[in-house]
Amino acid sequence: AQSVTQPDIHITVSEGASLELRCNYSYGATPYLFWYVQSPGQGLQLLLKYFSGDTLVQGIKGFEAEFKRSQSSFNLRKPSVHWSDAAEYFCAVGAGTDKLIFGTGTRLQVFP
Amino acid sequence: DVKVTQSSRYLVKRTGEKVFLECVQDMDHENMFWYRQDPGLGLRLIYFSYDVKMKEKGDIPEGYSVSREKKERFSLILESASTNQTSMYLCASSPIVGRNQETQYFGPGTRLLVL
């Protein structure tokens, strides 16, 4: 069965520091991969997605993610975090149907 | 921009009440979804609809039903609310475009408290 693992429940970084959020998936074929962000009290907003082609994907708000088939990973990165990036981040995999399978999320806290 | 709206941001109901959560999307999307979000559990799919009057159970359909009479509107119904249904409910929609897995667009969520 398809699954998504976000091993870090909570991450704390200082403003200006670099960030990497981990995501591992389980799926037999090439997956469709997504990162969403949820600000407090809000719905989910798409940051970026990977369908095919270049394995390094650029998204909104300065985020990028790299698809690594050999590691079954799709980690999210940002070179310099801003206080407004504090939120919860969800990785999701689309497994050939119209449905998505979401990870349990990583809560990012940013210290000034 | 795609807009998905949910009828209430916050809702307080009593155990045993019938609860309706409404979701409307304005982009003519075929697919609509209801999720439940709980701390540490991420998003879990309750029901999914791929067309008017069509529905499919998700991972946790027990205690819920849905209705889709019009393409733009997808309702989640709690027939008899229970305290373990206290949660954040998120609605989403997505188009069907060829064979691609398309992006889901989310509403702001309804935080439901059942007393």
# chains A, B, ... in the order shown; residues from 1 in each chain; ligands from 1
>>> interface_residues(of="chain A", to="chain B", cutoff="12 Å", atoms="only C-alpha atoms", output="PyMOL selection string")
chain A and resi 4-10+30-52+88-107
>>> atom_distance(atom1="atom CA of Glu22 of chain B", atom2="atom CA of Ser75 of chain B")
4.6 Å
>>> atom_distance(atom1="atom CA of Ile11 of chain A", atom2="atom CA of Leu76 of chain A")
12.9 Å
>>> residues_around(residues="Val66 of chain B", least_positions_apart="5", cutoff="9 Å", atoms="only C-alpha atoms", output="list in words")
Trp34, Tyr47, Phe48, Ser49, Lys55, Phe74, Ser75, Leu76, Ile77 and Leu78 of chain B
>>> residues_around(residues="Ala65 of chain A", least_positions_apart="6", cutoff="8 Å", atoms="only C-alpha atoms", output="list in words")
Leu48, Leu56, Val57, Gln58, Gly59, Phe74, Asn75, Leu76 and Arg77 of chain A
>>> select_by_dssp(residues="segment 3-107 of chain A", states="helix (DSSP H, G or I)", output="ChimeraX atom specification")
/A:60-62,69-71,83-85
>>> write_last_selection(atoms="N, CA and C atoms", output="PDB file, in the first residue's frame")
ATOM      1  N   ILE A  60       6.705  28.023  -4.618  1.00  0.00           N
ATOM      2  CA  ILE A  60       6.468  29.390  -4.176  1.00  0.00           C
ATOM      3  C   ILE A  60       7.233  29.672  -2.889  1.00  0.00           C
ATOM      4  N   LYS A  61       7.356  30.933  -2.546  1.00  0.00           N
ATOM      5  CA  LYS A  61       7.952  31.387  -1.286  1.00  0.00           C
ATOM      6  C   LYS A  61       9.411  30.951  -1.150  1.00  0.00           C
ATOM      7  N   GLY A  62      10.101  30.690  -2.251  1.00  0.00           N
ATOM      8  CA  GLY A  62      11.514  30.340  -2.193  1.00  0.00           C
ATOM      9  C   GLY A  62      11.813  28.898  -1.841  1.00  0.00           C
ATOM     10  N   ARG A  69      14.634   9.075  -6.520  1.00  0.00           N
ATOM     11  CA  ARG A  69      13.983   7.774  -6.667  1.00  0.00           C
ATOM     12  C   ARG A  69      14.709   6.697  -5.852  1.00  0.00           C
ATOM     13  N   SER A  70      16.031   6.731  -5.858  1.00  0.00           N
ATOM     14  CA  SER A  70      16.804   5.683  -5.181  1.00  0.00           C
ATOM     15  C   SER A  70      16.568   5.683  -3.673  1.00  0.00           C
ATOM     16  N   GLN A  71      16.206   6.847  -3.141  1.00  0.00           N
ATOM     17  CA  GLN A  71      15.978   6.956  -1.700  1.00  0.00           C
ATOM     18  C   GLN A  71      14.487   7.061  -1.364  1.00  0.00           C
ATOM     19  N   TRP A  83      10.567  34.377   9.397  1.00  0.00           N
ATOM     20  CA  TRP A  83       9.641  34.104  10.502  1.00  0.00           C
ATOM     21  C   TRP A  83       8.262  33.708   9.986  1.00  0.00           C
ATOM     22  N   SER A  84       7.877  34.240   8.817  1.00  0.00           N
ATOM     23  CA  SER A  84       6.554  33.940   8.270  1.00  0.00           C
ATOM     24  C   SER A  84       6.440  32.505   7.739  1.00  0.00           C
ATOM     25  N   ASP A  85       7.556  31.778   7.703  1.00  0.00           N
ATOM     26  CA  ASP A  85       7.507  30.381   7.265  1.00  0.00           C
ATOM     27  C   ASP A  85       7.032  29.440   8.369  1.00  0.00           C
TER      28      ASP A  85
END
>>> atom_distance(atom1="atom CA of Lys68 of chain A", atom2="atom CA of Arg22 of chain A")
11.7 Å
>>> closest_residue(among="B:Val52, B:Ile46, B:Ala81, B:Leu112", to="His29 of chain B", atoms="only C-alpha atoms")
B:Val52
>>> residues_around(residues="Val81 of chain A", least_positions_apart="5", cutoff="12 Å", atoms="only C-alpha atoms", output="list in words")
Thr12, Val13, Ser14, Glu15, Gly16, Ala17, Ser18, Leu19, Glu20, Lys61, Gly62, Phe63, Ala86, Ala87, Leu108, Gln109, Val110, Phe111 and Pro112 of chain A
